[in-house]
Amino acid sequence: MSLDHFILKDARPLVDCAVGRKPADMVIRKGIWVCVQSGEFIPDTDIAVVGDRIAYVGPDASHTVGPHTQVIEANGRYLVPGLLDGHMHVESGNLTVTEFVRAVAPRGTTGMFIDPHEIANVFGLKGVRLMVDEAAQQPVHVFTQVPSCVPSAPGMETPGAAITPEDVETAVQWPGIIGLGEVMNFPGVFNSDEKMHAEMSAARAAGKVIGGHYPTPDLGLAFHGYAAGGPSDDHEGTRKEDAAARVRQGMKSMMRYGSAWHDVAEQSKAVTEMGLDPRNFILCTDDAHAATLAYEGHMDRAVRHAIANGIPAMTAVQMATINTAEHFGVSREMGMIAPGRYADVVLTRDLVNFQAEVVIAQGRVLAEHGQWVVELPPSCVPDWALHSVHLPRKLNAADFRLTSPTGRACVTANVIGIIENQAPTRHLRLELPVQDGEVRASFEKDVAKLALVERHHGSGRVQLGLVHGLGFDQKCAVATTMAHDSHHLIVVGSDDECIAAAVNALAEWGGGQVVVRNGEVIGKLLLPVGGIMSSEPAGQVAAAAATVLEGYRACGCTLNNPNMQVSLLGLVVIPELRISDLGLVDVTQFGFVPVLE
């Protein structure tokens, strides 16, 4: 097993402290113990810590206090286990691992289970290793899952790299690897695809958890085949029926509350209305934008949201601590405040309006009232990770002209319909007018131009499409190289000149996001690391990301988080309709359809 370094080797120092033979390094006094393992709130509790572990939890730890013991007065505040994010992508915050930790640890997150399949789609296994090595330097727990679907849909797109079953077999032995990342190729699972099942077999042989990703509401035989294939959790449900079906089949229902995916409210009804056992439910964020992290929160935000939707406070905390730890097989090390576990403790005055006041991780005070009190290790990005956008030439407006069949006054178009706050899209068929032999964006019909530009191999290939729901009412374009999961360059807009300008700007900058209105750049975020991340501090990235969101609004878009939803227009594993560098993909049929019929 590759997590040996993480397991407690010798408990004798903890025993000696617990019985008073050795003083504690830290004692937290007089708090309310949020005992997630028993479901109790226990007042007047002390915690004694030796090194990075808890030695004693009880009514009075005075016997463990020595002349050099650091004493923290809880003064009746709640003592909460450090919060754990059960499924997330660091890259979705547009941050490196270090800067993501900088953003979320002061809010109470002391453990993350990350799937770096974003950078894997750009750089392959060496990109994953880059993340694993940086994760090992953090003062909180960052576990990594080996990406399972790179590319996410073989034959439907051209990725920057690929990960094979042999790669998976190698990587599951690395220190810090906790499992196999979300298995997005759900047809490959229920159709017994050899590659997909070889990867899952390698994970099982190494004793690793297999992450799930079943994004369709169809709960028939395909779903049962997927469940039989082996994924042990799933975060793609949106309804209470989805949550119930997964739990009944032995999966954990991961309820996500990220920047754009708000699936907790409906799925939590499986607990509050249907009465299902909440031990099988886990809170996660999946994709959280830097601005969300900086201004709203991370797992603390998810806990507050779950409580606001009727989940009892104790249950919500359990969904973000012990449930997650037990699922990944690390509850002997974390997920609860108990002897032998890492000293990951959050002090807060109010669980319902959860705000971390003191954050302790691995026996050290990391942050107080949202401010770091220790230094994070510096991160170093290798030069090869800074050059990932390859276009053979500058593009012009003519490259984005959508020509129609000759002689028609109107045409039926297959259009991607955005659903606010959800990852799935609608497959719309709209009648659109033909002007001078082409179909153009329409303010009246809320239809924007969409293009995907292949940027990994320098082919210069441009695929065109149409998208409904952005609400653009200006001559504008928004482009991004953060485009799950293949991370080609995606651009949406109402004017071909603006579209070309946006694409060329990102090629010049080496990746990022840009908003162009009437030929002028009004929003800008530089993402030089793989075209998907910045090595700048989280606050700076959040401020730049905010200019992009403001740019969307200036162009007429009123969606909650259009940035995230546009970034998923090329994710060809989530129904119903997506775009790839090879064409427009009907995900329900896993086949290509024409833009114009």
# chains A, B, ... in the order shown; residues from 1 in each chain; ligands from 1
$ residues_around --residues "Phe590 (chain A)" --least-positions-apart "3" --cutoff "12 Å" --atoms "only C-alpha atoms" --output "list in words"
Ala153, Pro154, Gly155, Met156, Glu157, Asn185, Phe186, Pro187, Gly188, Val572, Val573, Ile574, Pro575, Glu576, Leu577, Arg578, Ile579, Gly583, Leu584, Val585, Asp586, Val587 and Val593 of chain A
$ residues_around --residues "Lys394 (chain A)" --least-positions-apart "6" --cutoff "12 Å" --atoms "only C-alpha atoms" --output "list in words"
Val453, Gly458, Gly460, Ile499, Ala500, Ala501, Ala502, Val503, Asn504, Ala505, Leu506, Ala507 and Glu508 of chain A
$ write_last_selection --atoms "N, CA and C atoms" --output "PDB file, in the first residue's frame"
ATOM      1  N   VAL A 453     -11.555  25.308 -30.540  1.00  0.00           N
ATOM      2  CA  VAL A 453     -10.310  25.356 -31.298  1.00  0.00           C
ATOM      3  C   VAL A 453      -9.327  24.361 -30.684  1.00  0.00           C
ATOM      4  N   GLY A 458      -1.623  21.755 -32.258  1.00  0.00           N
ATOM      5  CA  GLY A 458      -1.377  22.746 -33.302  1.00  0.00           C
ATOM      6  C   GLY A 458      -2.011  22.438 -34.639  1.00  0.00           C
ATOM      7  N   GLY A 460      -4.903  23.471 -35.662  1.00  0.00           N
ATOM      8  CA  GLY A 460      -5.688  24.604 -36.139  1.00  0.00           C
ATOM      9  C   GLY A 460      -7.135  24.272 -36.422  1.00  0.00           C
ATOM     10  N   ILE A 499     -14.960  37.207 -31.547  1.00  0.00           N
ATOM     11  CA  ILE A 499     -14.576  35.815 -31.313  1.00  0.00           C
ATOM     12  C   ILE A 499     -13.124  35.589 -31.717  1.00  0.00           C
ATOM     13  N   ALA A 500     -12.755  36.046 -32.884  1.00  0.00           N
ATOM     14  CA  ALA A 500     -11.376  35.879 -33.347  1.00  0.00           C
ATOM     15  C   ALA A 500     -10.397  36.610 -32.445  1.00  0.00           C
ATOM     16  N   ALA A 501     -10.745  37.811 -31.995  1.00  0.00           N
ATOM     17  CA  ALA A 501      -9.867  38.582 -31.122  1.00  0.00           C
ATOM     18  C   ALA A 501      -9.654  37.868 -29.791  1.00  0.00           C
ATOM     19  N   ALA A 502     -10.705  37.272 -29.265  1.00  0.00           N
ATOM     20  CA  ALA A 502     -10.598  36.565 -27.992  1.00  0.00           C
ATOM     21  C   ALA A 502      -9.692  35.343 -28.115  1.00  0.00           C
ATOM     22  N   VAL A 503      -9.872  34.589 -29.196  1.00  0.00           N
ATOM     23  CA  VAL A 503      -9.048  33.390 -29.417  1.00  0.00           C
ATOM     24  C   VAL A 503      -7.577  33.769 -29.559  1.00  0.00           C
ATOM     25  N   ASN A 504      -7.285  34.776 -30.342  1.00  0.00           N
ATOM     26  CA  ASN A 504      -5.895  35.182 -30.568  1.00  0.00           C
ATOM     27  C   ASN A 504      -5.246  35.720 -29.296  1.00  0.00           C
ATOM     28  N   ALA A 505      -6.024  36.365 -28.450  1.00  0.00           N
ATOM     29  CA  ALA A 505      -5.479  36.872 -27.185  1.00  0.00           C
ATOM     30  C   ALA A 505      -5.010  35.722 -26.302  1.00  0.00           C
ATOM     31  N   LEU A 506      -5.812  34.660 -26.202  1.00  0.00           N
ATOM     32  CA  LEU A 506      -5.425  33.530 -25.353  1.00  0.00           C
ATOM     33  C   LEU A 506      -4.222  32.799 -25.921  1.00  0.00           C
ATOM     34  N   ALA A 507      -4.125  32.718 -27.234  1.00  0.00           N
ATOM     35  CA  ALA A 507      -2.952  32.087 -27.846  1.00  0.00           C
ATOM     36  C   ALA A 507      -1.693  32.881 -27.508  1.00  0.00           C
ATOM     37  N   GLU A 508      -1.801  34.190 -27.515  1.00  0.00           N
ATOM     38  CA  GLU A 508      -0.651  35.048 -27.205  1.00  0.00           C
ATOM     39  C   GLU A 508      -0.259  34.949 -25.730  1.00  0.00           C
TER      40      GLU A 508
END
$ closest_residue --among "A:Lys126, A:Arg349, A:His289, A:Lys208" --to "Trp384 (chain A)" --atoms "only C-alpha atoms"
A:Lys126
$ residues_around --residues "Tyr226 (chain A)" --least-positions-apart "4" --cutoff "9 Å" --atoms "only C-alpha atoms" --output "list of chain:residue names"
A:Phe186, A:Pro187, A:Gly188, A:Val189, A:Phe190, A:Asn191, A:Gly212, A:Tyr214, A:Leu221, A:Ala222, A:Gly230, A:Pro231
$ closest_atom_pairs --of "region 404-506 of chain A" --to "region 514-521 of chain A" --cutoff "7 Å" --atoms "only C-alpha atoms" --output "Markdown table"
| residue | atom | partner | partner_atom | distance |
| --- | --- | --- | --- | --- |
| A:Lys475 | CA | A:Asn518 | CA | 5.4 |
| A:Cys476 | CA | A:Arg517 | CA | 4.2 |
| A:Ala477 | CA | A:Val516 | CA | 5.2 |
| A:Val478 | CA | A:Val515 | CA | 4.5 |
| A:Ala479 | CA | A:Val514 | CA | 5.4 |
| A:Thr480 | CA | A:Val514 | CA | 6.7 |
| A:Cys498 | CA | A:Gly519 | CA | 5.6 |
| A:Ala502 | CA | A:Val516 | CA | 6.1 |
$ residues_around --residues "Tyr552 (chain A)" --least-positions-apart "4" --cutoff "9 Å" --atoms "only C-alpha atoms" --output "ChimeraX atom specification"
/A:470,472,477-478,515,523,547-548,556-559,562-563
$ write_last_selection --atoms "all heavy atoms" --output "mmCIF file, in the first residue's frame"
data_model
loop_
_atom_site.group_PDB
_atom_site.id
_atom_site.type_symbol
_atom_site.label_atom_id
_atom_site.label_comp_id
_atom_site.auth_asym_id
_atom_site.auth_seq_id
_atom_site.Cartn_x
_atom_site.Cartn_y
_atom_site.Cartn_z
ATOM 1 N N LEU A 470 -27.195 32.078 -22.832
ATOM 2 C CA LEU A 470 -26.201 32.999 -22.279
ATOM 3 C C LEU A 470 -26.736 34.425 -22.148
ATOM 4 O O LEU A 470 -26.211 35.210 -21.342
ATOM 5 C CB LEU A 470 -24.941 32.997 -23.146
ATOM 6 C CG LEU A 470 -24.103 31.720 -23.057
ATOM 7 C CD1 LEU A 470 -23.043 31.693 -24.146
ATOM 8 C CD2 LEU A 470 -23.465 31.594 -21.687
ATOM 9 N N PHE A 472 -26.585 37.028 -24.202
ATOM 10 C CA PHE A 472 -25.777 38.120 -24.738
ATOM 11 C C PHE A 472 -26.655 39.143 -25.465
ATOM 12 O O PHE A 472 -27.534 38.771 -26.261
ATOM 13 C CB PHE A 472 -24.723 37.599 -25.703
ATOM 14 C CG PHE A 472 -23.607 36.809 -25.053
ATOM 15 C CD1 PHE A 472 -22.916 35.838 -25.778
ATOM 16 C CD2 PHE A 472 -23.244 37.038 -23.733
ATOM 17 C CE1 PHE A 472 -21.880 35.128 -25.202
ATOM 18 C CE2 PHE A 472 -22.215 36.317 -23.142
ATOM 19 C CZ PHE A 472 -21.537 35.358 -23.867
ATOM 20 N N ALA A 477 -17.534 38.434 -27.101
ATOM 21 C CA ALA A 477 -17.075 37.046 -27.107
ATOM 22 C C ALA A 477 -16.365 36.774 -25.794
ATOM 23 O O ALA A 477 -15.743 37.663 -25.206
ATOM 24 C CB ALA A 477 -16.134 36.777 -28.272
ATOM 25 N N VAL A 478 -16.475 35.514 -25.329
ATOM 26 C CA VAL A 478 -15.755 35.048 -24.140
ATOM 27 C C VAL A 478 -15.036 33.766 -24.526
ATOM 28 O O VAL A 478 -15.654 32.843 -25.064
ATOM 29 C CB VAL A 478 -16.695 34.785 -22.957
ATOM 30 C CG1 VAL A 478 -15.881 34.443 -21.713
ATOM 31 C CG2 VAL A 478 -17.601 35.979 -22.694
ATOM 32 N N VAL A 515 -12.716 38.250 -21.950
ATOM 33 C CA VAL A 515 -13.991 38.777 -22.436
ATOM 34 C C VAL A 515 -13.679 39.960 -23.342
ATOM 35 O O VAL A 515 -12.977 40.900 -22.942
ATOM 36 C CB VAL A 515 -14.905 39.234 -21.286
ATOM 37 C CG1 VAL A 515 -16.261 39.681 -21.834
ATOM 38 C CG2 VAL A 515 -15.089 38.119 -20.266
ATOM 39 N N GLY A 523 -12.416 41.800 -19.620
ATOM 40 C CA GLY A 523 -12.198 40.812 -18.553
ATOM 41 C C GLY A 523 -11.032 39.942 -18.924
ATOM 42 O O GLY A 523 -10.896 39.529 -20.085
ATOM 43 N N THR A 547 -13.240 39.735 -12.861
ATOM 44 C CA THR A 547 -13.378 40.605 -14.037
ATOM 45 C C THR A 547 -14.004 39.859 -15.201
ATOM 46 O O THR A 547 -14.711 40.455 -16.023
ATOM 47 C CB THR A 547 -12.017 41.184 -14.472
ATOM 48 O OG1 THR A 547 -11.195 40.155 -15.048
ATOM 49 C CG2 THR A 547 -11.282 41.832 -13.313
ATOM 50 N N VAL A 548 -13.751 38.552 -15.277
ATOM 51 C CA VAL A 548 -14.365 37.751 -16.326
ATOM 52 C C VAL A 548 -15.867 37.636 -16.089
ATOM 53 O O VAL A 548 -16.685 37.788 -17.007
ATOM 54 C CB VAL A 548 -13.707 36.365 -16.413
ATOM 55 C CG1 VAL A 548 -14.427 35.483 -17.430
ATOM 56 C CG2 VAL A 548 -12.232 36.500 -16.775
ATOM 57 N N GLY A 556 -24.500 41.055 -21.036
ATOM 58 C CA GLY A 556 -25.918 40.715 -20.934
ATOM 59 C C GLY A 556 -26.230 39.398 -20.276
ATOM 60 O O GLY A 556 -27.402 39.040 -20.104
ATOM 61 N N CYS A 557 -25.207 38.629 -19.881
ATOM 62 C CA CYS A 557 -25.437 37.312 -19.290
ATOM 63 C C CYS A 557 -25.795 37.446 -17.812
ATOM 64 O O CYS A 557 -25.071 38.100 -17.050
ATOM 65 C CB CYS A 557 -24.188 36.447 -19.448
ATOM 66 S SG CYS A 557 -24.392 34.775 -18.812
ATOM 67 N N THR A 558 -26.883 36.820 -17.398
ATOM 68 C CA THR A 558 -27.324 36.889 -16.004
ATOM 69 C C THR A 558 -27.261 35.535 -15.294
ATOM 70 O O THR A 558 -27.773 35.388 -14.187
ATOM 71 C CB THR A 558 -28.769 37.430 -15.922
ATOM 72 O OG1 THR A 558 -29.640 36.551 -16.646
ATOM 73 C CG2 THR A 558 -28.868 38.830 -16.499
ATOM 74 N N LEU A 559 -26.634 34.524 -15.909
ATOM 75 C CA LEU A 559 -26.504 33.218 -15.269
ATOM 76 C C LEU A 559 -25.711 33.337 -13.969
ATOM 77 O O LEU A 559 -24.835 34.198 -13.833
ATOM 78 C CB LEU A 559 -25.804 32.231 -16.199
ATOM 79 C CG LEU A 559 -26.552 31.816 -17.471
ATOM 80 C CD1 LEU A 559 -25.643 30.972 -18.353
ATOM 81 C CD2 LEU A 559 -27.824 31.063 -17.123
ATOM 82 N N PRO A 562 -21.772 31.621 -15.294
ATOM 83 C CA PRO A 562 -21.598 31.229 -16.690
ATOM 84 C C PRO A 562 -20.192 30.727 -16.990
ATOM 85 O O PRO A 562 -20.004 29.895 -17.883
ATOM 86 C CB PRO A 562 -21.893 32.521 -17.456
ATOM 87 C CG PRO A 562 -21.603 33.614 -16.477
ATOM 88 C CD PRO A 562 -22.035 33.066 -15.158
ATOM 89 N N ASN A 563 -19.214 31.220 -16.248
ATOM 90 C CA ASN A 563 -17.838 30.803 -16.457
ATOM 91 C C ASN A 563 -17.708 29.286 -16.369
ATOM 92 O O ASN A 563 -17.100 28.638 -17.221
ATOM 93 C CB ASN A 563 -16.959 31.475 -15.391
ATOM 94 C CG ASN A 563 -15.547 31.665 -15.864
ATOM 95 O OD1 ASN A 563 -15.128 31.064 -16.832
ATOM 96 N ND2 ASN A 563 -14.810 32.507 -15.169
#
$ closest_residue --among "A:Leu571, A:Ile282, A:Ala55, A:Leu386" --to "Asn323 (chain A)" --atoms "only C-alpha atoms"
A:Ile282
$ residues_around --residues "region 355-366 of chain A" --least-positions-apart "3" --cutoff "7 Å" --atoms "only C-alpha atoms" --output "list in words"
Val49, Gly51, Asp52, Arg53, Pro106, Arg107, Gly108, Thr110, Pro139, Val140, Asp300, Tyr342, Ala343, Asp344, Val345, Val346, Leu347, Thr348, His369, Gly370, Trp372, Val373 and Val374 of chain A
$ closest_residue --among "A:Leu293, A:Leu83, A:Ile47, A:Val317" --to "Met26 (chain A)" --atoms "only C-alpha atoms"
A:Ile47
$ residues_around --residues "Gly211 (chain A)" --least-positions-apart "2" --cutoff "9 Å" --atoms "only C-alpha atoms" --output "PyMOL selection string"
chain A and resi 87+145+148+179-183+209+213+230-235
$ residues_around --residues "region 327-340 of chain A" --least-positions-apart "3" --cutoff "7 Å" --atoms "only C-alpha atoms" --output "list in words"
Ile7, Cys35, Val36, Gln37, Arg53, Ile54, Ala55, Tyr56, Val57, Pro81, Gly82, Val209, Thr321, Ile322, Asn323 and Thr324 of chain A
$ closest_atom_pairs --of "region 481-511 of chain A" --to "region 422-440 of chain A" --cutoff "12 Å" --atoms "only C-alpha atoms" --output "Markdown table"
| residue | atom | partner | partner_atom | distance |
| --- | --- | --- | --- | --- |
| A:His484 | CA | A:Ala423 | CA | 11.2 |
| A:Gly493 | CA | A:Arg440 | CA | 10.2 |
| A:Ser494 | CA | A:Arg440 | CA | 7.8 |
| A:Asp495 | CA | A:Arg440 | CA | 8.3 |
| A:Asp496 | CA | A:Arg440 | CA | 8.9 |
